[in-house]
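Structure file final_13.pdb; described as PDB, C-alpha atoms, pLDDT in the B column.
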ATOM      1  CA  MET V   1       3.236 -13.076 -24.597  1.00 78.00           C
ATOM      2  CA  GLU V   2       4.582  -9.776 -25.920  1.00 82.00           C
ATOM      3  CA  PHE V   3       7.340  -7.352 -24.906  1.00 80.00           C
ATOM      4  CA  LYS V   4       4.787  -5.191 -23.079  1.00 84.00           C
ATOM      5  CA  ASP V   5       4.042  -8.182 -20.813  1.00 86.00           C
ATOM      6  CA  ILE V   6       7.663  -8.577 -19.668  1.00 89.00           C
ATOM      7  CA  ALA V   7       9.255  -6.368 -17.014  1.00 89.00           C
ATOM      8  CA  THR V   8      12.450  -5.896 -15.086  1.00 88.00           C
ATOM      9  CA  VAL V   9      12.601  -4.773 -11.460  1.00 89.00           C
ATOM     10  CA  SER V  10      15.345  -2.442 -10.336  1.00 86.00           C
ATOM     11  CA  GLY V  11      17.665  -4.207  -7.903  1.00 83.00           C
ATOM     12  CA  LYS V  12      16.436  -7.713  -8.785  1.00 85.00           C
ATOM     13  CA  PRO V  13      18.008 -10.042 -11.339  1.00 84.00           C
ATOM     14  CA  GLY V  14      16.091 -11.612 -14.205  1.00 86.00           C
ATOM     15  CA  LEU V  15      12.869 -10.814 -15.983  1.00 90.00           C
ATOM     16  CA  TYR V  16       9.261 -11.028 -14.865  1.00 91.00           C
ATOM     17  CA  LYS V  17       5.918 -11.644 -16.528  1.00 90.00           C
ATOM     18  CA  ILE V  18       3.281  -9.094 -15.549  1.00 89.00           C
ATOM     19  CA  LEU V  19       0.269 -10.934 -14.157  1.00 89.00           C
ATOM     20  CA  LYS V  20      -2.053  -8.147 -12.978  1.00 86.00           C
ATOM     21  CA  PRO V  21      -2.196  -4.924 -11.004  1.00 83.00           C
ATOM     22  CA  SER V  22      -2.934  -5.053  -7.294  1.00 82.00           C
ATOM     23  CA  ARG V  23      -4.128  -2.422  -4.834  1.00 83.00           C
ATOM     24  CA  THR V  24      -0.564  -1.618  -3.809  1.00 83.00           C
ATOM     25  CA  GLY V  25       1.373  -2.219  -7.037  1.00 85.00           C
ATOM     26  CA  VAL V  26       1.668  -5.034  -9.555  1.00 89.00           C
ATOM     27  CA  ILE V  27       1.898  -8.833  -9.325  1.00 87.00           C
ATOM     28  CA  LEU V  28       4.804 -10.367 -11.251  1.00 89.00           C
ATOM     29  CA  GLU V  29       5.926 -13.939 -11.969  1.00 88.00           C
ATOM     30  CA  SER V  30       9.597 -14.709 -12.537  1.00 88.00           C
ATOM     31  CA  LEU V  31      10.575 -15.990 -15.971  1.00 86.00           C
ATOM     32  CA  ASP V  32      12.556 -18.976 -14.749  1.00 82.00           C
ATOM     33  CA  GLU V  33      11.976 -22.558 -13.634  1.00 76.00           C
ATOM     34  CA  LYS V  34      10.728 -21.493 -10.188  1.00 81.00           C
ATOM     35  CA  LYS V  35       7.906 -19.264 -11.487  1.00 83.00           C
ATOM     36  CA  GLY V  36       7.980 -17.395  -8.186  1.00 82.00           C
ATOM     37  CA  LYS V  37       5.423 -14.657  -7.662  1.00 87.00           C
ATOM     38  CA  LEU V  38       6.299 -11.190  -6.425  1.00 84.00           C
ATOM     39  CA  VAL V  39       4.208  -8.146  -5.491  1.00 86.00           C
ATOM     40  CA  VAL V  40       6.031  -4.971  -6.396  1.00 87.00           C
ATOM     41  CA  GLY V  41       4.935  -1.746  -4.759  1.00 85.00           C
ATOM     42  CA  ALA V  42       5.248   1.848  -5.839  1.00 78.00           C
ATOM     43  CA  ALA V  43       8.592   2.192  -4.036  1.00 84.00           C
ATOM     44  CA  GLN V  44      10.306  -0.190  -6.480  1.00 86.00           C
ATOM     45  CA  ARG V  45      11.010   0.733 -10.081  1.00 88.00           C
ATOM     46  CA  VAL V  46       9.460  -1.587 -12.676  1.00 87.00           C
ATOM     47  CA  SER V  47      10.370  -1.129 -16.348  1.00 87.00           C
ATOM     48  CA  LEU V  48       8.520  -2.747 -19.224  1.00 89.00           C
ATOM     49  CA  LEU V  49      10.813  -4.192 -21.892  1.00 88.00           C
ATOM     50  CA  SER V  50       8.688  -2.493 -24.550  1.00 88.00           C
ATOM     51  CA  GLU V  51       9.703   0.898 -23.097  1.00 91.00           C
ATOM     52  CA  ILE V  52      13.458   0.247 -22.892  1.00 89.00           C
ATOM     53  CA  SER V  53      15.784   1.516 -25.622  1.00 91.00           C
ATOM     54  CA  ILE V  54      19.506   1.441 -26.323  1.00 92.00           C
ATOM     55  CA  TYR V  55      21.328   4.729 -26.849  1.00 92.00           C
ATOM     56  CA  THR V  56      22.517   5.357 -30.394  1.00 91.00           C
ATOM     57  CA  LEU V  57      24.307   8.109 -32.267  1.00 91.00           C
ATOM     58  CA  THR V  58      21.421   8.414 -34.738  1.00 86.00           C
ATOM     59  CA  GLU V  59      19.033  11.326 -35.036  1.00 88.00           C
ATOM     60  CA  GLU V  60      16.422   9.451 -32.972  1.00 86.00           C
ATOM     61  CA  GLY V  61      18.971   8.911 -30.199  1.00 89.00           C
ATOM     62  CA  ALA V  62      17.864   5.369 -29.321  1.00 90.00           C
ATOM     63  CA  THR V  63      16.760   2.019 -30.753  1.00 89.00           C
ATOM     64  CA  PRO V  64      14.017  -0.035 -29.060  1.00 91.00           C
ATOM     65  CA  LEU V  65      15.284  -3.047 -27.109  1.00 89.00           C
ATOM     66  CA  LYS V  66      12.821  -5.269 -28.986  1.00 90.00           C
ATOM     67  CA  ASP V  67      14.485  -4.478 -32.330  1.00 90.00           C
ATOM     68  CA  VAL V  68      17.932  -5.269 -30.928  1.00 90.00           C
ATOM     69  CA  LEU V  69      16.811  -8.582 -29.393  1.00 89.00           C
ATOM     70  CA  ILE V  70      15.122  -9.658 -32.647  1.00 88.00           C
ATOM     71  CA  LYS V  71      18.307  -8.791 -34.540  1.00 89.00           C
ATOM     72  CA  ILE V  72      20.378 -10.898 -32.105  1.00 87.00           C
ATOM     73  CA  GLU V  73      17.980 -13.824 -32.574  1.00 86.00           C
ATOM     74  CA  LYS V  74      18.145 -13.567 -36.374  1.00 86.00           C
ATOM     75  CA  GLU V  75      21.918 -13.515 -36.412  1.00 82.00           C
ATOM     76  CA  PHE V  76      22.947 -15.800 -33.554  1.00 80.00           C
ATOM     77  CA  GLU V  77      19.932 -18.081 -32.959  1.00 79.00           C
ATOM     78  CA  GLY V  78      20.793 -18.525 -29.284  1.00 73.00           C
ATOM     79  CA  ASP V  79      24.575 -18.938 -29.516  1.00 76.00           C
ATOM     80  CA  THR V  80      26.138 -15.562 -28.733  1.00 75.00           C
ATOM     81  CA  GLY V  81      29.392 -17.098 -27.467  1.00 74.00           C
ATOM     82  CA  LEU V  82      29.765 -14.440 -24.772  1.00 72.00           C
ATOM     83  CA  GLU V  83      29.721 -16.537 -21.604  1.00 74.00           C
ATOM     84  CA  GLY V  84      32.639 -15.323 -19.490  1.00 72.00           C
ATOM     85  CA  ALA V  85      33.601 -12.657 -22.043  1.00 74.00           C
ATOM     86  CA  GLU V  86      35.722  -9.581 -21.370  1.00 81.00           C
ATOM     87  CA  LYS V  87      34.543  -5.958 -21.527  1.00 81.00           C
ATOM     88  CA  ASP V  88      36.000  -5.442 -25.020  1.00 83.00           C
ATOM     89  CA  GLU V  89      34.181  -8.513 -26.350  1.00 87.00           C
ATOM     90  CA  TYR V  90      30.831  -7.155 -25.157  1.00 85.00           C
ATOM     91  CA  GLN V  91      31.521  -3.808 -26.821  1.00 87.00           C
ATOM     92  CA  ALA V  92      32.569  -5.563 -30.072  1.00 87.00           C
ATOM     93  CA  PHE V  93      29.392  -7.675 -29.957  1.00 86.00           C
ATOM     94  CA  MET V  94      27.265  -4.549 -29.560  1.00 88.00           C
ATOM     95  CA  LYS V  95      29.126  -2.815 -32.396  1.00 90.00           C
ATOM     96  CA  HIS V  96      28.379  -5.825 -34.615  1.00 89.00           C
ATOM     97  CA  ILE V  97      24.657  -5.922 -33.735  1.00 88.00           C
ATOM     98  CA  LEU V  98      24.036  -2.184 -33.577  1.00 89.00           C
ATOM     99  CA  PRO V  99      26.919  -0.301 -35.273  1.00 89.00           C
ATOM    100  CA  GLU V 100      25.461   3.104 -34.357  1.00 92.00           C
ATOM    101  CA  PHE V 101      25.182   2.413 -30.584  1.00 89.00           C
ATOM    102  CA  ASP V 102      26.625   5.086 -28.279  1.00 89.00           C
ATOM    103  CA  ALA V 103      29.710   3.472 -26.729  1.00 89.00           C
ATOM    104  CA  ASP V 104      30.021   6.310 -24.198  1.00 90.00           C
ATOM    105  CA  ARG V 105      26.552   5.657 -22.753  1.00 90.00           C
ATOM    106  CA  VAL V 106      26.129   1.892 -23.238  1.00 89.00           C
ATOM    107  CA  TYR V 107      28.483   0.070 -20.875  1.00 88.00           C
ATOM    108  CA  ALA V 108      29.739  -3.512 -21.033  1.00 87.00           C
ATOM    109  CA  SER V 109      27.542  -4.277 -18.001  1.00 88.00           C
ATOM    110  CA  ASP V 110      24.510  -3.106 -19.998  1.00 89.00           C
ATOM    111  CA  VAL V 111      25.427  -5.420 -22.881  1.00 88.00           C
ATOM    112  CA  LYS V 112      25.951  -8.291 -20.431  1.00 88.00           C
ATOM    113  CA  LYS V 113      22.448  -7.671 -19.018  1.00 89.00           C
ATOM    114  CA  LEU V 114      21.065  -7.504 -22.583  1.00 88.00           C
ATOM    115  CA  ILE V 115      22.603 -10.922 -23.379  1.00 88.00           C
ATOM    116  CA  SER V 116      21.231 -12.338 -20.109  1.00 88.00           C
ATOM    117  CA  TRP V 117      17.738 -11.067 -20.944  1.00 89.00           C
ATOM    118  CA  TYR V 118      18.032 -12.445 -24.471  1.00 88.00           C
ATOM    119  CA  HIS V 119      18.781 -15.948 -23.147  1.00 87.00           C
ATOM    120  CA  ILE V 120      15.895 -15.777 -20.630  1.00 88.00           C
ATOM    121  CA  ILE V 121      13.436 -14.669 -23.311  1.00 88.00           C
ATOM    122  CA  ARG V 122      14.701 -17.260 -25.798  1.00 86.00           C
ATOM    123  CA  LYS V 123      14.220 -20.023 -23.237  1.00 87.00           C
ATOM    124  CA  GLU V 124      10.950 -18.965 -21.576  1.00 85.00           C
ATOM    125  CA  CYS V 125       8.994 -17.129 -24.298  1.00 82.00           C
ATOM    126  CA  PRO V 126      10.736 -17.447 -27.696  1.00 78.00           C
ATOM    127  CA  GLU V 127       7.617 -16.303 -29.553  1.00 83.00           C
ATOM    128  CA  VAL V 128       8.381 -12.661 -28.660  1.00 80.00           C
ATOM    129  CA  LEU V 129      11.635 -12.833 -30.648  1.00 79.00           C
ATOM    130  CA  GLU V 130       9.800 -13.632 -33.884  1.00 78.00           C
ATOM    131  CA  GLU V 131       9.134 -10.729 -36.187  1.00 66.00           C
ATOM    132  CA  LYS V 132       5.431 -10.327 -36.682  1.00 58.00           C
ATOM    133  CA  ALA V 133       4.069  -9.917 -40.205  1.00 41.00           C
ATOM    134  CA  GLU V 134       1.974  -6.881 -40.972  1.00 40.00           C
ATOM    135  CA  GLU V 135      -1.126  -7.336 -38.840  1.00 42.00           C
ATOM    136  CA  GLY V 136      -3.450  -5.858 -41.440  1.00 40.00           C
ATOM    137  CA  ALA V 137      -2.180  -8.096 -44.243  1.00 42.00           C
ATOM    138  CA  ASP V 138      -3.931 -11.251 -43.017  1.00 46.00           C
ATOM    139  CA  LYS V 139      -7.202  -9.718 -41.850  1.00 44.00           C
ATOM    140  CA  GLY V 140      -8.573  -9.090 -45.347  1.00 46.00           C
ATOM    141  CA  ASN V 141      -8.048 -12.701 -46.447  1.00 47.00           C
ATOM    142  CA  GLU V 142     -10.297 -14.446 -43.933  1.00 48.00           C
ATOM    143  CA  PRO V 143     -13.126 -16.419 -45.547  1.00 47.00           C
ATOM    144  CA  GLU V 144     -16.677 -15.263 -44.896  1.00 49.00           C
ATOM    145  CA  GLY V 145     -18.658 -17.719 -42.810  1.00 46.00           C
ATOM    146  CA  ASP V 146     -22.411 -18.317 -42.827  1.00 49.00           C
ATOM    147  CA  LYS V 147     -24.105 -15.590 -40.892  1.00 46.00           C
ATOM    148  CA  PRO V 148     -27.396 -16.192 -39.071  1.00 48.00           C
TER
END
Do you think you could lay out the structure here as structure tokens?
Amino acid sequence: MEFKDIATVSGKPGLYKILKPSRTGVILESLDEKKGKLVVGAAQRVSLLSEISIYTLTEEGATPLKDVLIKIEKEFEGDTGLEGAEKDEYQAFMKHILPEFDADRVYASDVKKLISWYHIIRKECPEVLEEKAEEGADKGNEPEGDKP
């Protein structure tokens, strides 16, 4: 699974795996123990995790969510220590992970949702939090097999 295969649905908690498109929308499966299926129509907003970014004060103006989640995994390895934290603790956590984040546009509730998503991904599909090596680096080293 990759970040482009994971989505969030506006107004619904949690994350969803994209299964396939349907005539009226898209079929999703919840990333939890229940693995419940859901058909989401055009009236509901579905966002792919690969398209979500966090506002920053840099020239680009944002950092991809994937980069932030990988950084959290590298540093904390699952133990963020933010269960039941206060607003200031979430902001301090974000400042530690992404010093250039825009504190005026990234709220504590956003950071709380980010931590929630991180834990779901770490539990259900941890492979997406691993940094991938250069894809082209391994392709040239494959041995040649006998060709008919």
Show me, as a PDB file with C-alpha atoms, in the coordinates of the input, the residues that have an atom within 6 Å of V:Leu48 when counting all atoms listed in the file, minus same-chain residues fewer than 3 positions from it.
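Final output, around-v6.pdb:
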ATOM      1  CA  LYS V   4       4.787  -5.191 -23.079  1.00 84.00           C
ATOM      2  CA  ILE V   6       7.663  -8.577 -19.668  1.00 89.00           C
ATOM      3  CA  ALA V   7       9.255  -6.368 -17.014  1.00 89.00           C
ATOM      4  CA  GLU V  51       9.703   0.898 -23.097  1.00 91.00           C
TER       5      GLU V  51
END
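Once V:Leu38 and its same-chain neighbours fewer than 4 positions away are set aside, Ile27, Leu28, Glu29 and Ser30 of chain V remain within 8 Å of it when counting only C-alpha atoms.
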Requested in this report: Starting from the shown file, work through the PyMOL selection byres ((chain V and resi 81-91) around 12) and note down what comes out as JSON, numbers by chain.
Outcome: {"V": [72, 76, 77, 78, 79, 80, 92, 93, 94, 95, 96, 97, 98, 99, 100, 101, 102, 103, 104, 105, 106, 107, 108, 109, 110, 111, 112, 113, 114, 115, 116, 118, 119]}
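When the PyMOL selection byres ((chain V and resi 63) around 10) is evaluated on the file shown here, the picked residues come out as Ile52, Ser53, Ile54, Tyr55, Thr56, Leu57, Thr58, Glu60, Gly61, Ala62, Pro64, Leu65, Lys66, Asp67, Val68, Leu98, Glu100 and Phe101 of chain V.
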How about saving the chosen residues, C-alpha atoms kept, as an mmCIF file, keeping the file's coordinate frame?
data_model
loop_
_atom_site.group_PDB
_atom_site.id
_atom_site.type_symbol
_atom_site.label_atom_id
_atom_site.label_comp_id
_atom_site.auth_asym_id
_atom_site.auth_seq_id
_atom_site.Cartn_x
_atom_site.Cartn_y
_atom_site.Cartn_z
ATOM 1 C CA ILE V 52 13.458 0.247 -22.892
ATOM 2 C CA SER V 53 15.784 1.516 -25.622
ATOM 3 C CA ILE V 54 19.506 1.441 -26.323
ATOM 4 C CA TYR V 55 21.328 4.729 -26.849
ATOM 5 C CA THR V 56 22.517 5.357 -30.394
ATOM 6 C CA LEU V 57 24.307 8.109 -32.267
ATOM 7 C CA THR V 58 21.421 8.414 -34.738
ATOM 8 C CA GLU V 60 16.422 9.451 -32.972
ATOM 9 C CA GLY V 61 18.971 8.911 -30.199
ATOM 10 C CA ALA V 62 17.864 5.369 -29.321
ATOM 11 C CA PRO V 64 14.017 -0.035 -29.060
ATOM 12 C CA LEU V 65 15.284 -3.047 -27.109
ATOM 13 C CA LYS V 66 12.821 -5.269 -28.986
ATOM 14 C CA ASP V 67 14.485 -4.478 -32.330
ATOM 15 C CA VAL V 68 17.932 -5.269 -30.928
ATOM 16 C CA LEU V 98 24.036 -2.184 -33.577
ATOM 17 C CA GLU V 100 25.461 3.104 -34.357
ATOM 18 C CA PHE V 101 25.182 2.413 -30.584
#
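Computed from the coordinates, the atom CA of V:Ala42 to atom CA of V:Val128 distance equals 27.2 Å.
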